[in-house]
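Enquirer: I am sharing input-v6.txt, which consists of compact mmCIF, C-alpha atoms:
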```
# COMPACT_ATOMS: atom_id res chain seq x y z
CA MET S 1 25.63 0.32 18.65
CA ARG S 2 23.42 -2.28 17.01
CA ILE S 3 24.70 -5.83 17.07
CA ALA S 4 24.82 -7.41 13.60
CA ALA S 5 22.09 -10.00 13.15
CA ARG S 6 22.87 -13.51 12.09
CA PRO S 7 21.93 -13.79 8.38
CA ARG S 8 20.01 -17.03 8.80
CA GLY S 9 17.97 -15.61 11.67
CA ALA S 10 17.30 -12.37 9.81
CA TRP S 11 16.06 -14.10 6.68
CA THR S 12 13.89 -16.51 8.67
CA VAL S 13 12.21 -13.66 10.52
CA TRP S 14 11.74 -11.76 7.29
CA LEU S 15 10.27 -14.79 5.49
CA VAL S 16 7.65 -15.33 8.21
CA GLY S 17 6.78 -11.63 8.18
CA LEU S 18 6.60 -11.65 4.38
CA LEU S 19 4.21 -14.63 4.40
CA VAL S 20 1.95 -12.82 6.86
CA TYR S 21 1.98 -9.73 4.62
CA MET S 22 1.22 -11.89 1.56
CA LEU S 23 -1.71 -13.37 3.45
CA ALA S 24 -3.00 -9.88 4.24
CA VAL S 25 -2.76 -8.89 0.56
CA PHE S 26 -4.51 -12.15 -0.35
CA HIS S 27 -7.45 -11.36 1.95
CA ARG S 28 -7.47 -7.70 0.85
CA SER S 29 -7.79 -8.82 -2.78
CA SER S 30 -10.05 -11.84 -2.27
CA LEU S 31 -13.23 -9.87 -2.93
CA GLY S 32 -11.94 -8.75 -6.33
CA VAL S 33 -12.87 -12.06 -7.98
CA ALA S 34 -16.06 -12.44 -5.91
CA GLY S 35 -17.80 -9.24 -7.01
CA LEU S 36 -20.62 -10.91 -8.97
CA ALA S 37 -21.11 -13.56 -6.30
CA ALA S 38 -21.28 -10.82 -3.64
CA THR S 39 -23.95 -8.85 -5.53
CA GLU S 40 -26.09 -12.00 -5.68
CA ARG S 41 -25.45 -13.15 -2.10
CA PHE S 42 -26.16 -9.78 -0.49
CA ASP S 43 -28.57 -8.47 -3.16
CA ILE S 44 -26.61 -5.24 -3.60
CA SER S 45 -25.95 -2.74 -6.36
CA ALA S 46 -22.65 -1.95 -8.03
CA ALA S 47 -22.35 1.19 -5.89
CA GLN S 48 -22.80 -0.85 -2.72
CA LEU S 49 -20.21 -3.32 -3.97
CA ALA S 50 -17.76 -0.44 -4.48
CA THR S 51 -18.37 0.54 -0.85
CA PHE S 52 -16.44 -2.57 0.21
CA THR S 53 -13.31 -1.22 -1.51
CA MET S 54 -13.77 2.34 -0.23
CA LEU S 55 -14.34 1.09 3.31
CA GLN S 56 -11.20 -1.03 3.27
CA LEU S 57 -9.12 1.89 1.98
CA LEU S 58 -10.61 4.21 4.60
CA VAL S 59 -9.99 1.78 7.47
CA TYR S 60 -6.49 0.93 6.25
CA ALA S 61 -5.49 4.58 5.95
CA GLY S 62 -7.12 5.55 9.24
CA MET S 63 -5.37 2.77 11.16
CA GLN S 64 -1.83 3.58 10.03
CA ILE S 65 -0.91 6.01 12.82
CA PRO S 66 -2.60 4.01 15.63
CA VAL S 67 -0.88 0.84 14.42
CA GLY S 68 2.47 2.64 14.28
CA LEU S 69 2.04 3.75 17.88
CA LEU S 70 1.08 0.20 18.90
CA VAL S 71 4.21 -1.21 17.25
CA ASP S 72 6.44 1.38 18.94
CA ARG S 73 4.85 0.44 22.28
CA PHE S 74 4.33 -3.35 22.06
CA GLY S 75 6.69 -4.49 19.29
CA SER S 76 6.20 -5.98 15.85
CA ARG S 77 5.67 -9.58 16.96
CA THR S 78 2.71 -8.83 19.23
CA VAL S 79 0.96 -6.50 16.79
CA LEU S 80 1.56 -8.82 13.84
CA LEU S 81 -0.01 -11.72 15.74
CA LEU S 82 -3.00 -9.54 16.59
CA GLY S 83 -3.33 -8.67 12.90
CA ILE S 84 -3.38 -12.35 11.92
CA VAL S 85 -6.09 -13.08 14.50
CA LEU S 86 -8.25 -10.16 13.35
CA ILE S 87 -7.97 -11.04 9.65
CA THR S 88 -8.75 -14.70 10.30
CA ALA S 89 -11.76 -13.94 12.52
CA ALA S 90 -13.05 -11.32 10.08
CA GLN S 91 -12.87 -13.70 7.13
CA VAL S 92 -14.74 -16.34 9.12
CA GLY S 93 -17.43 -13.73 9.77
CA PHE S 94 -17.46 -12.80 6.08
CA ALA S 95 -17.85 -16.48 5.16
CA PHE S 96 -21.05 -16.79 7.21
CA ALA S 97 -22.43 -13.29 6.54
CA GLN S 98 -25.87 -13.33 4.93
CA HIS S 99 -26.63 -9.61 5.05
CA TYR S 100 -24.83 -6.60 3.60
CA PRO S 101 -24.28 -4.67 6.88
CA VAL S 102 -22.70 -7.72 8.52
CA ALA S 103 -20.46 -8.23 5.50
CA LEU S 104 -19.38 -4.57 5.66
CA VAL S 105 -18.39 -4.93 9.32
CA ALA S 106 -16.42 -8.09 8.52
CA ARG S 107 -14.53 -6.41 5.67
CA ALA S 108 -13.80 -3.42 7.90
CA PHE S 109 -12.05 -5.73 10.37
CA VAL S 110 -10.15 -7.32 7.48
CA GLY S 111 -8.91 -3.78 6.81
CA VAL S 112 -7.90 -3.34 10.46
CA GLY S 113 -5.92 -6.59 10.48
CA ASP S 114 -4.40 -5.77 7.09
CA ALA S 115 -3.20 -2.41 8.43
CA MET S 116 -1.25 -4.23 11.15
CA THR S 117 0.98 -6.22 8.81
CA PHE S 118 3.16 -4.06 6.57
CA ILE S 119 4.34 -1.61 9.22
CA CYS S 120 5.32 -4.53 11.47
CA VAL S 121 7.33 -6.18 8.73
CA LEU S 122 9.10 -2.89 7.94
CA ARG S 123 10.05 -2.57 11.61
CA LEU S 124 11.44 -6.11 11.60
CA VAL S 125 13.47 -5.36 8.47
CA SER S 126 14.97 -2.21 9.98
CA THR S 127 15.86 -4.10 13.18
CA TRP S 128 17.31 -7.27 11.69
CA PHE S 129 19.20 -6.14 8.56
CA PRO S 130 22.27 -3.97 7.98
CA VAL S 131 21.46 -0.37 7.08
CA ARG S 132 22.56 -0.58 3.43
CA ARG S 133 20.47 -3.69 2.80
CA ILE S 134 17.25 -2.28 4.27
CA PRO S 135 16.03 -0.50 1.07
CA LEU S 136 16.42 -3.67 -1.01
CA VAL S 137 14.69 -5.92 1.54
CA THR S 138 11.91 -3.34 1.94
CA GLN S 139 11.31 -3.36 -1.81
CA LEU S 140 11.41 -7.16 -1.89
CA THR S 141 8.76 -7.17 0.84
CA GLY S 142 6.45 -4.87 -1.06
CA THR S 143 7.10 -6.67 -4.33
CA LEU S 144 6.74 -10.28 -3.20
CA GLY S 145 3.76 -9.33 -1.07
CA GLN S 146 1.85 -8.75 -4.31
CA LEU S 147 1.94 -12.50 -4.90
CA GLY S 148 -0.90 -12.54 -2.41
CA ALA S 149 -3.03 -10.67 -4.96
CA VAL S 150 -2.04 -13.16 -7.65
CA GLY S 151 -2.94 -15.99 -5.31
CA ALA S 152 -6.34 -14.45 -4.66
CA ALA S 153 -7.22 -14.57 -8.36
CA VAL S 154 -7.15 -18.12 -9.68
CA PRO S 155 -7.42 -20.11 -6.38
CA MET S 156 -10.31 -18.01 -5.06
CA THR S 157 -12.10 -18.15 -8.41
CA TRP S 158 -11.80 -21.94 -8.35
CA ALA S 159 -12.82 -22.16 -4.69
CA LEU S 160 -15.91 -20.01 -5.15
CA ALA S 161 -17.01 -22.07 -8.15
CA GLY S 162 -16.21 -25.45 -6.61
CA LEU S 163 -16.84 -24.96 -2.90
CA GLY S 164 -19.34 -22.13 -2.71
CA TRP S 165 -19.11 -18.86 -0.80
CA THR S 166 -18.97 -20.08 2.81
CA ARG S 167 -16.53 -22.95 2.31
CA ALA S 168 -14.27 -20.90 0.04
CA TYR S 169 -13.86 -18.11 2.58
CA LEU S 170 -13.48 -20.56 5.46
CA VAL S 171 -10.61 -22.28 3.63
CA ALA S 172 -9.06 -18.87 3.01
CA ALA S 173 -9.44 -17.97 6.68
CA SER S 174 -7.78 -21.24 7.77
CA LEU S 175 -4.48 -20.11 6.22
CA GLY S 176 -4.11 -17.66 9.10
CA VAL S 177 -4.02 -20.44 11.69
CA GLY S 178 -0.83 -22.00 10.32
CA LEU S 179 0.88 -18.62 9.96
CA ALA S 180 -0.08 -17.65 13.50
CA VAL S 181 1.71 -20.77 14.78
CA ALA S 182 4.77 -19.99 12.64
CA ALA S 183 4.83 -16.41 13.93
CA LEU S 184 4.58 -17.57 17.54
CA LEU S 185 7.49 -19.97 17.13
CA LEU S 186 9.84 -18.06 14.81
CA LEU S 187 9.32 -14.33 15.12
CA HIS S 188 11.57 -12.21 17.34
CA ASP S 189 11.40 -8.43 17.56
CA SER S 190 15.20 -8.21 17.51
CA PRO S 191 18.29 -10.47 17.55
CA GLN S 192 18.50 -9.86 21.31
CA ALA S 193 14.86 -10.26 22.39
CA ARG S 194 11.70 -12.13 21.41
CA ASN S 195 9.52 -9.20 22.48
CA LEU S 196 10.52 -5.54 22.66
CA ARG S 197 8.41 -3.09 24.62
CA GLY S 198 8.58 0.66 24.27
CA PRO S 199 7.80 3.14 27.02
CA ARG S 200 4.21 3.71 28.09
CA LEU S 201 2.77 6.66 26.22
CA SER S 202 0.25 9.05 27.67
CA LEU S 203 -1.94 11.08 25.33
CA ALA S 204 0.40 14.03 25.83
CA ALA S 205 3.41 11.85 25.00
CA VAL S 206 1.66 10.52 21.90
CA ARG S 207 0.94 14.03 20.72
CA ARG S 208 4.55 15.06 21.31
CA SER S 209 5.89 12.00 19.48
CA LEU S 210 3.62 12.47 16.47
CA ALA S 211 4.32 16.20 16.41
CA ALA S 212 8.08 15.57 16.47
CA SER S 213 7.77 13.02 13.68
CA TRP S 214 5.63 15.27 11.50
CA ALA S 215 7.82 18.30 12.20
CA HIS S 216 10.81 16.67 10.52
CA PRO S 217 10.86 17.64 6.82
CA GLY S 218 12.01 14.10 5.93
CA THR S 219 8.72 12.71 7.26
CA ARG S 220 6.74 15.19 5.19
CA LEU S 221 8.82 14.45 2.12
CA GLY S 222 8.18 10.73 2.63
CA PHE S 223 4.44 11.36 3.04
CA TRP S 224 4.17 13.31 -0.21
CA ILE S 225 6.30 10.79 -2.10
CA HIS S 226 3.91 8.05 -0.97
CA PHE S 227 0.90 10.26 -1.75
CA THR S 228 2.00 11.08 -5.29
CA THR S 229 3.33 7.77 -6.57
CA GLN S 230 0.83 5.19 -5.36
CA PHE S 231 -2.74 6.28 -6.10
CA SER S 232 -2.82 5.55 -9.84
CA THR S 233 -1.56 2.01 -9.28
CA THR S 234 -3.92 1.30 -6.39
CA VAL S 235 -7.08 2.67 -7.96
CA MET S 236 -6.48 0.91 -11.27
CA SER S 237 -5.76 -2.38 -9.52
CA LEU S 238 -8.53 -2.36 -6.92
CA LEU S 239 -11.55 -0.80 -8.61
CA TRP S 240 -11.55 1.39 -11.72
CA GLY S 241 -8.93 -0.25 -13.94
CA TYR S 242 -11.20 -3.00 -15.27
CA PRO S 243 -14.17 -0.71 -16.08
CA PHE S 244 -11.85 1.87 -17.68
CA LEU S 245 -10.20 -0.70 -19.94
CA VAL S 246 -13.46 -2.43 -20.92
CA ARG S 247 -15.82 0.53 -21.31
CA GLY S 248 -13.39 3.39 -21.68
CA GLU S 249 -10.97 1.68 -24.08
CA GLY S 250 -13.21 -1.00 -25.62
CA ARG S 251 -11.05 -3.96 -24.59
CA SER S 252 -12.40 -7.44 -23.93
CA PRO S 253 -12.59 -8.71 -20.36
CA ALA S 254 -9.71 -11.12 -21.07
CA VAL S 255 -7.45 -8.36 -22.40
CA ALA S 256 -8.41 -6.08 -19.50
CA GLY S 257 -7.48 -8.84 -17.05
CA LEU S 258 -4.14 -9.34 -18.81
CA LEU S 259 -3.35 -5.62 -18.65
CA LEU S 260 -4.16 -5.53 -14.92
CA THR S 261 -1.87 -8.53 -14.46
CA LEU S 262 0.91 -6.58 -16.18
CA ILE S 263 0.62 -3.95 -13.45
CA VAL S 264 1.51 -6.63 -10.89
CA VAL S 265 4.37 -7.85 -13.11
CA ALA S 266 5.74 -4.29 -13.30
CA ILE S 267 5.53 -3.98 -9.52
CA MET S 268 7.47 -7.20 -9.02
CA VAL S 269 10.19 -6.31 -11.54
CA ALA S 270 10.61 -2.65 -10.53
CA GLY S 271 10.70 -3.26 -6.77
CA PRO S 272 14.14 -4.92 -6.49
CA VAL S 273 15.61 -2.53 -9.08
CA LEU S 274 14.45 0.52 -7.13
CA GLY S 275 15.64 -1.07 -3.88
CA TRP S 276 19.13 -1.48 -5.32
CA LEU S 277 19.15 2.08 -6.69
CA VAL S 278 17.99 3.60 -3.41
CA GLY S 279 20.54 1.62 -1.41
CA ASN S 280 23.39 2.80 -3.65
CA HIS S 281 22.18 6.35 -4.35
CA PRO S 282 20.24 7.50 -1.28
CA TRP S 283 20.87 11.19 -2.02
CA GLU S 284 18.93 10.87 -5.31
CA ARG S 285 15.75 9.30 -3.90
CA SER S 286 13.45 12.26 -4.53
CA THR S 287 14.94 12.73 -8.02
CA MET S 288 14.05 9.11 -8.85
CA VAL S 289 10.52 9.72 -7.60
CA LEU S 290 10.04 12.88 -9.66
CA ALA S 291 11.26 11.07 -12.77
CA ILE S 292 8.84 8.18 -12.16
CA VAL S 293 5.90 10.53 -11.54
CA ALA S 294 6.77 12.46 -14.71
CA ALA S 295 6.69 9.19 -16.69
CA ILE S 296 3.31 8.22 -15.19
CA VAL S 297 1.82 11.63 -15.97
CA ALA S 298 3.22 11.53 -19.51
CA ILE S 299 1.82 8.10 -20.39
CA TRP S 300 -1.60 8.93 -18.96
CA THR S 301 -1.62 12.15 -20.97
CA VAL S 302 -0.91 10.29 -24.21
CA VAL S 303 -3.64 7.71 -23.49
CA LEU S 304 -6.28 10.27 -22.52
CA LEU S 305 -5.54 12.54 -25.49
CA TRP S 306 -5.43 9.70 -28.02
CA PRO S 307 -8.28 10.11 -30.53
CA GLY S 308 -10.60 7.16 -30.03
CA GLU S 309 -9.44 3.94 -28.39
CA ALA S 310 -5.75 3.81 -27.52
CA PRO S 311 -3.71 1.08 -29.27
CA LEU S 312 -3.10 -2.07 -27.28
CA GLY S 313 0.66 -1.45 -27.24
CA LEU S 314 0.10 1.95 -25.63
CA LEU S 315 -2.13 0.39 -22.96
CA VAL S 316 0.59 -2.19 -22.26
CA VAL S 317 3.06 0.66 -21.69
CA LEU S 318 0.49 2.38 -19.44
CA ALA S 319 0.12 -0.76 -17.30
CA LEU S 320 3.88 -1.21 -16.98
CA VAL S 321 4.60 2.43 -16.17
CA ILE S 322 1.89 2.91 -13.55
CA GLY S 323 2.97 -0.39 -11.99
CA VAL S 324 6.31 1.21 -11.12
CA GLY S 325 4.42 3.69 -8.94
CA GLY S 326 3.72 0.97 -6.37
CA PRO S 327 7.34 0.24 -5.38
CA ALA S 328 8.21 3.92 -5.89
CA SER S 329 5.91 4.75 -2.98
CA LEU S 330 8.16 2.70 -0.69
CA ILE S 331 10.92 5.22 -1.30
CA GLY S 332 8.87 7.55 0.89
CA LEU S 333 9.07 5.06 3.75
CA ASP S 334 12.84 4.84 3.31
CA VAL S 335 13.12 8.63 3.50
CA GLY S 336 11.13 8.61 6.74
CA ARG S 337 13.28 5.81 8.16
CA THR S 338 16.53 7.70 7.62
CA SER S 339 15.08 10.97 8.95
CA ASN S 340 13.85 9.81 12.38
CA PRO S 341 15.19 7.96 15.43
CA PRO S 342 14.50 4.20 15.71
CA GLU S 343 12.05 4.58 18.62
CA ARG S 344 9.65 6.50 16.34
CA MET S 345 10.12 4.29 13.29
CA ALA S 346 6.75 2.54 13.23
CA SER S 347 4.70 5.66 13.94
CA VAL S 348 6.61 7.52 11.20
CA SER S 349 5.89 4.66 8.79
CA GLY S 350 2.23 4.93 9.76
CA ILE S 351 2.13 8.64 9.00
CA ILE S 352 3.80 8.16 5.62
CA ASN S 353 1.78 5.09 4.69
CA GLN S 354 -1.38 7.17 5.06
CA GLY S 355 -0.34 9.29 2.08
CA GLY S 356 -0.90 6.94 -0.82
CA PHE S 357 -4.03 5.32 0.59
CA SER S 358 -5.61 8.68 1.42
CA ALA S 359 -4.93 9.84 -2.13
CA SER S 360 -6.36 6.56 -3.47
CA LEU S 361 -9.53 7.00 -1.44
CA ILE S 362 -9.95 10.57 -2.73
CA LEU S 363 -9.44 9.37 -6.30
CA VAL S 364 -11.86 6.43 -5.99
CA VAL S 365 -14.62 8.82 -4.91
CA ALA S 366 -13.66 11.53 -7.43
CA ILE S 367 -13.73 9.12 -10.39
CA GLY S 368 -17.14 7.79 -9.35
CA LEU S 369 -18.59 11.29 -8.97
CA VAL S 370 -17.26 12.46 -12.33
CA LEU S 371 -18.51 9.32 -14.09
CA ASP S 372 -22.00 9.93 -12.70
CA TRP S 373 -21.77 13.61 -13.67
CA ARG S 374 -20.77 12.86 -17.27
CA THR S 375 -23.29 10.02 -17.76
CA ALA S 376 -26.88 10.80 -18.67
CA GLY S 377 -29.65 9.93 -16.24
CA ASP S 378 -29.18 7.10 -13.76
CA SER S 379 -27.37 4.85 -16.23
CA THR S 380 -24.13 3.09 -15.36
CA ALA S 381 -23.27 2.66 -19.06
CA TYR S 382 -20.26 4.94 -18.79
CA THR S 383 -18.86 6.25 -22.06
CA PRO S 384 -15.22 6.63 -23.15
CA GLU S 385 -15.66 10.40 -22.86
CA ALA S 386 -16.90 10.04 -19.28
CA PHE S 387 -13.85 7.96 -18.41
CA ARG S 388 -11.52 10.54 -19.94
CA TRP S 389 -13.03 13.21 -17.71
CA ALA S 390 -12.95 10.92 -14.68
CA MET S 391 -9.37 9.74 -15.10
CA SER S 392 -8.26 13.34 -15.58
CA THR S 393 -8.99 13.99 -11.90
CA GLN S 394 -5.58 12.43 -11.25
CA TYR S 395 -3.89 15.60 -12.47
CA ALA S 396 -5.07 17.57 -9.45
CA LEU S 397 -3.47 15.05 -7.08
CA TRP S 398 -0.26 14.91 -9.13
CA ALA S 399 -0.01 18.71 -9.13
CA VAL S 400 -0.34 18.93 -5.35
CA GLY S 401 2.07 16.04 -4.80
CA ILE S 402 4.80 17.29 -7.14
CA VAL S 403 4.76 20.77 -5.62
CA GLN S 404 5.02 19.33 -2.10
CA ILE S 405 7.80 16.90 -3.01
CA TRP S 406 9.83 19.72 -4.52
CA ARG S 407 9.15 21.92 -1.50
CA TRP S 408 10.06 19.38 1.18
CA ARG S 409 13.03 17.81 -0.54
CA GLY S 410 14.79 21.18 -0.38
CA ARG S 411 14.05 21.50 3.32
CA THR S 412 15.11 17.91 3.98
CA ARG S 413 18.45 18.42 2.26
CA ALA S 414 18.98 21.63 4.24
CA VAL S 415 18.47 19.72 7.52
CA ILE S 416 20.87 16.96 6.39
CA ASP S 417 23.52 19.54 5.48
CA ARG S 418 23.07 21.24 8.86
CA ASP S 419 23.34 17.96 10.78
CA GLU S 420 26.46 16.93 8.86
CA LEU S 421 28.07 20.30 9.54
CA MET S 422 27.30 20.05 13.25
CA ALA S 423 28.72 16.52 13.38
CA ALA S 424 31.88 17.60 11.56
CA THR S 425 32.45 20.58 13.89
CA GLY S 426 31.58 18.61 17.02
CA ARG S 427 28.69 20.88 18.00
```
In structure tokens, how does this file's structure come out?

Expert:
Amino acid sequence: MRIAARPRGAWTVWLVGLLVYMLAVFHRSSLGVAGLAATERFDISAAQLATFTMLQLLVYAGMQIPVGLLVDRFGSRTVLLLGIVLITAAQVGFAFAQHYPVALVARAFVGVGDAMTFICVLRLVSTWFPVRRIPLVTQLTGTLGQLGAVGAAVPMTWALAGLGWTRAYLVAASLGVGLAVAALLLLHDSPQARNLRGPRLSLAAVRRSLAASWAHPGTRLGFWIHFTTQFSTTVMSLLWGYPFLVRGEGRSPAVAGLLLTLIVVAIMVAGPVLGWLVGNHPWERSTMVLAIVAAIVAIWTVVLLWPGEAPLGLLVVLALVIGVGGPASLIGLDVGRTSNPPERMASVSGIINQGGFSASLILVVAIGLVLDWRTAGDSTAYTPEAFRWAMSTQYALWAVGIVQIWRWRGRTRAVIDRDELMAATGR
């Protein structure tokens, strides 16, 4: 039986973990406002600049399962501290980088450190908080973590203009030092122990653990929920949203920036609401997801079929609706949490967390390929028609995701019914 955590201790641990996650989001997003400066500093093309984003997504997605296994073995506190060190060192390297290959390596390690944060915080939440409160705190974590992206916009823009590239990124890197000290002093893996260690895992044991996690239909349902809900939000926010709104919909840079900001606003508003709904109606989690995905598909369909440029009001609705997809993806993590034993929690979260970022990586590449295909010659002057074709690639991912969610939610409910029957009959 788990001993109830003291509220003050639980919220302190969560706050430190949240600040570390916000820092990771800040560093993840810090290149977004430095794109033009990066092209000049490293003398690179737009395609090479986009490689930074694709590399970070690839590294982040690829590290999810290894990080989950590390957390199950060494505990959240240790892995979170390692993540802070890696991010800080990588940003220092990025600050001094003069050549594109060196900068790519530095950003790859930012991705590695970033991958070590969210799973650790989720594990801390599941350890420190009562079961019914976990969905709400999880959503608050994902929601408030986006403040890191907001913080990366105006402060980094000012720092780059006022301090220059090297000083700006060194100041950003220095934030990790203070948080590392706070984590050392305040973080505990559980109310009973500062550090928790899992059993040593051989390669055979790792394979068995991952196979057992993936074999549970709840894990697969969580994976496909994450896969289906997140990619539109991520791709619009990180790379293709600004070009689509400016060149595809004819909006000014200022209006495009405002619409992208509305995505973050939607994430922050929807997160706590979904957390409350999931905590009070856990049986309806997949139904909520299907309704959200249906709304996202519907609004995209209206925008893409609109003759000419879509009205501003319609684009505002688009930004708000796709923003809900971000916190909706966390429902997949909650499904995985309730479907697996605590000792596999972090590795299960890693498996599920791969879903949305893998889909985002596929979509980033697909949109770029279709834009090049539908644009004459070697020009990057993409047309509204080219963007309509490119953004329509989302439908293939939605189709796969919806079919899989429907398939695995039935199997998950069948397992739950079976387990409840066995418990009731004492078998």

Enquirer: Can you work out which one of S:Leu238, S:Ile331, S:Ile84, S:Val269 has the shortest atom-to-atom distance to S:Ile134, counting only C-alpha atoms?

Expert: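 Once distances to S:Ile134 are computed over only C-alpha atoms, the minimum belongs to S:Ile331.
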
Enquirer: Please determine, counting all atoms listed in the file, which residue among S:Ala168, S:Val246, S:Ala399, S:Val316 has the shortest atom-to-atom distance to S:Val297.

Expert: S:Ala399

Enquirer: Would you mind listing, for every residue of stretch 156-216 of chain S within 8 Å of stretch 71-75 of chain S, the two atoms forming the shortest contact and the distance between them in Å to one decimal, using only C-alpha atoms, sorted by chain and ascending residue number, as a tab-separated table?

Expert:
```
residue	atom	partner	partner_atom	distance
S:Asp189	CA	S:Gly75	CA	6.4
S:Asn195	CA	S:Gly75	CA	6.4
S:Leu196	CA	S:Gly75	CA	5.2
S:Arg197	CA	S:Phe74	CA	4.8
S:Gly198	CA	S:Arg73	CA	4.2
S:Pro199	CA	S:Arg73	CA	6.2
S:Arg200	CA	S:Arg73	CA	6.7
S:Leu201	CA	S:Arg73	CA	7.7
```

Enquirer: One decimal, Å: what's the distance from atom CA of S:Ser329 over to atom CA of S:Ala359, could you say?

Expert: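 Distance between the two atoms: 12.0 Å.
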
Enquirer: So, with only C-alpha atoms as the atoms that count, which of S:Ala204, S:Val25, S:Ala396, S:Ile352 lies closest to S:Trp224?

Expert: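 Residue with the minimum atom-to-atom distance to S:Trp224: S:Ile352.
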
Enquirer: Rank nothing, just name the residue among S:Thr338, S:Thr219, S:Ser358, S:Ser237 nearest to S:Arg411, using only C-alpha atoms.

Expert: S:Thr219

Enquirer: When you draw a straight line from atom CA of S:Ala215 to atom CA of S:Asn280, how long is it in Å?

Expert: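 Going from atom CA of S:Ala215 over to atom CA of S:Asn280, I get 27.1 Å.
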
Enquirer: Name the residues in contact with S:Phe387 at a cut-off of 7 Å, using only C-alpha atoms, excluding same-chain residues fewer than 6 positions from it; report them as a CSV table (one decimal) with C-alpha atoms, in the frame of the given file.

Expert:
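The resulting file, around-v8.csv, is reproduced below:
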```
chain,number,residue,atom,x,y,z
S,244,PHE,CA,-11.8,1.9,-17.7
S,248,GLY,CA,-13.4,3.4,-21.7
S,371,LEU,CA,-18.5,9.3,-14.1
```

Enquirer: In the coordinate frame of the file, compute which residues have an atom within 10 Å of (-7.1, -2.2, 9.6) when using only C-alpha atoms, and state them as a list in words.

Expert: Gln56, Leu57, Leu58, Val59, Tyr60, Ala61, Gly62, Met63, Gln64, Pro66, Val67, Gly83, Leu86, Ile87, Arg107, Ala108, Phe109, Val110, Gly111, Val112, Gly113, Asp114, Ala115, Met116 and Thr117 of chain S

Enquirer: Quick one: contact table of stretch 272-358 of chain S to stretch 253-262 of chain S, 8 Å max, nearest atom pair and distance in Å to one decimal per residue, counting all atoms listed in the file, chain and number order, as CSV?

Expert:
```
residue,atom,partner,partner_atom,distance
S:Leu315,CA,S:Leu259,CA,7.5
S:Val316,CA,S:Leu259,CA,6.3
S:Ala319,CA,S:Leu262,CA,6.0
S:Leu320,CA,S:Leu262,CA,6.2
S:Gly323,CA,S:Leu262,CA,7.8
```

Enquirer: Residues of the last selection are to be written out with C-alpha atoms, as a short mmCIF file (atom, residue, chain, number, x, y, z; two decimals), in the frame of the given file.

Expert:
```cif
data_model
loop_
_atom_site.label_atom_id
_atom_site.label_comp_id
_atom_site.auth_asym_id
_atom_site.auth_seq_id
_atom_site.Cartn_x
_atom_site.Cartn_y
_atom_site.Cartn_z
CA LEU S 315 -2.13 0.39 -22.96
CA VAL S 316 0.59 -2.19 -22.26
CA ALA S 319 0.12 -0.76 -17.30
CA LEU S 320 3.88 -1.21 -16.98
CA GLY S 323 2.97 -0.39 -11.99
#
```

Enquirer: Just want the 7 Å neighbourhood of S:Val324, counted on all atoms listed in the file, with same-chain residues fewer than 4 positions away dropped. Output as a ChimeraX atom specification.

Expert: /S:266-267,270,320,328

Enquirer: Starting from the incomplete input, reconstruct N, CA, C and O atoms of stretch 352-359 of chain S and report them as a PDB file, keeping the file's coordinate frame.

Expert:
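Output file selection_8.pdb is given in full below:
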```
ATOM      1  N   ILE S 352       3.484   8.138   7.051  1.00  0.00           N
ATOM      2  CA  ILE S 352       3.800   8.160   5.620  1.00  0.00           C
ATOM      3  C   ILE S 352       2.882   7.232   4.834  1.00  0.00           C
ATOM      4  O   ILE S 352       2.413   7.574   3.740  1.00  0.00           O
ATOM      5  N   ASN S 353       2.601   6.075   5.393  1.00  0.00           N
ATOM      6  CA  ASN S 353       1.780   5.090   4.690  1.00  0.00           C
ATOM      7  C   ASN S 353       0.353   5.572   4.491  1.00  0.00           C
ATOM      8  O   ASN S 353      -0.384   5.041   3.655  1.00  0.00           O
ATOM      9  N   GLN S 354      -0.065   6.581   5.258  1.00  0.00           N
ATOM     10  CA  GLN S 354      -1.380   7.170   5.060  1.00  0.00           C
ATOM     11  C   GLN S 354      -1.473   7.895   3.724  1.00  0.00           C
ATOM     12  O   GLN S 354      -2.554   8.007   3.143  1.00  0.00           O
ATOM     13  N   GLY S 355      -0.333   8.416   3.248  1.00  0.00           N
ATOM     14  CA  GLY S 355      -0.340   9.290   2.080  1.00  0.00           C
ATOM     15  C   GLY S 355      -0.984   8.674   0.863  1.00  0.00           C
ATOM     16  O   GLY S 355      -1.965   9.196   0.319  1.00  0.00           O
ATOM     17  N   GLY S 356      -0.421   7.558   0.401  1.00  0.00           N
ATOM     18  CA  GLY S 356      -0.900   6.940  -0.820  1.00  0.00           C
ATOM     19  C   GLY S 356      -2.324   6.426  -0.716  1.00  0.00           C
ATOM     20  O   GLY S 356      -3.112   6.542  -1.669  1.00  0.00           O
ATOM     21  N   PHE S 357      -2.681   5.871   0.446  1.00  0.00           N
ATOM     22  CA  PHE S 357      -4.030   5.320   0.590  1.00  0.00           C
ATOM     23  C   PHE S 357      -5.072   6.416   0.746  1.00  0.00           C
ATOM     24  O   PHE S 357      -6.215   6.265   0.294  1.00  0.00           O
ATOM     25  N   SER S 358      -4.697   7.538   1.358  1.00  0.00           N
ATOM     26  CA  SER S 358      -5.610   8.680   1.420  1.00  0.00           C
ATOM     27  C   SER S 358      -5.858   9.237   0.020  1.00  0.00           C
ATOM     28  O   SER S 358      -6.999   9.534  -0.354  1.00  0.00           O
ATOM     29  N   ALA S 359      -4.777   9.365  -0.756  1.00  0.00           N
ATOM     30  CA  ALA S 359      -4.930   9.840  -2.130  1.00  0.00           C
ATOM     31  C   ALA S 359      -5.778   8.865  -2.953  1.00  0.00           C
ATOM     32  O   ALA S 359      -6.618   9.286  -3.766  1.00  0.00           O
TER      33      ALA S 359
END
```
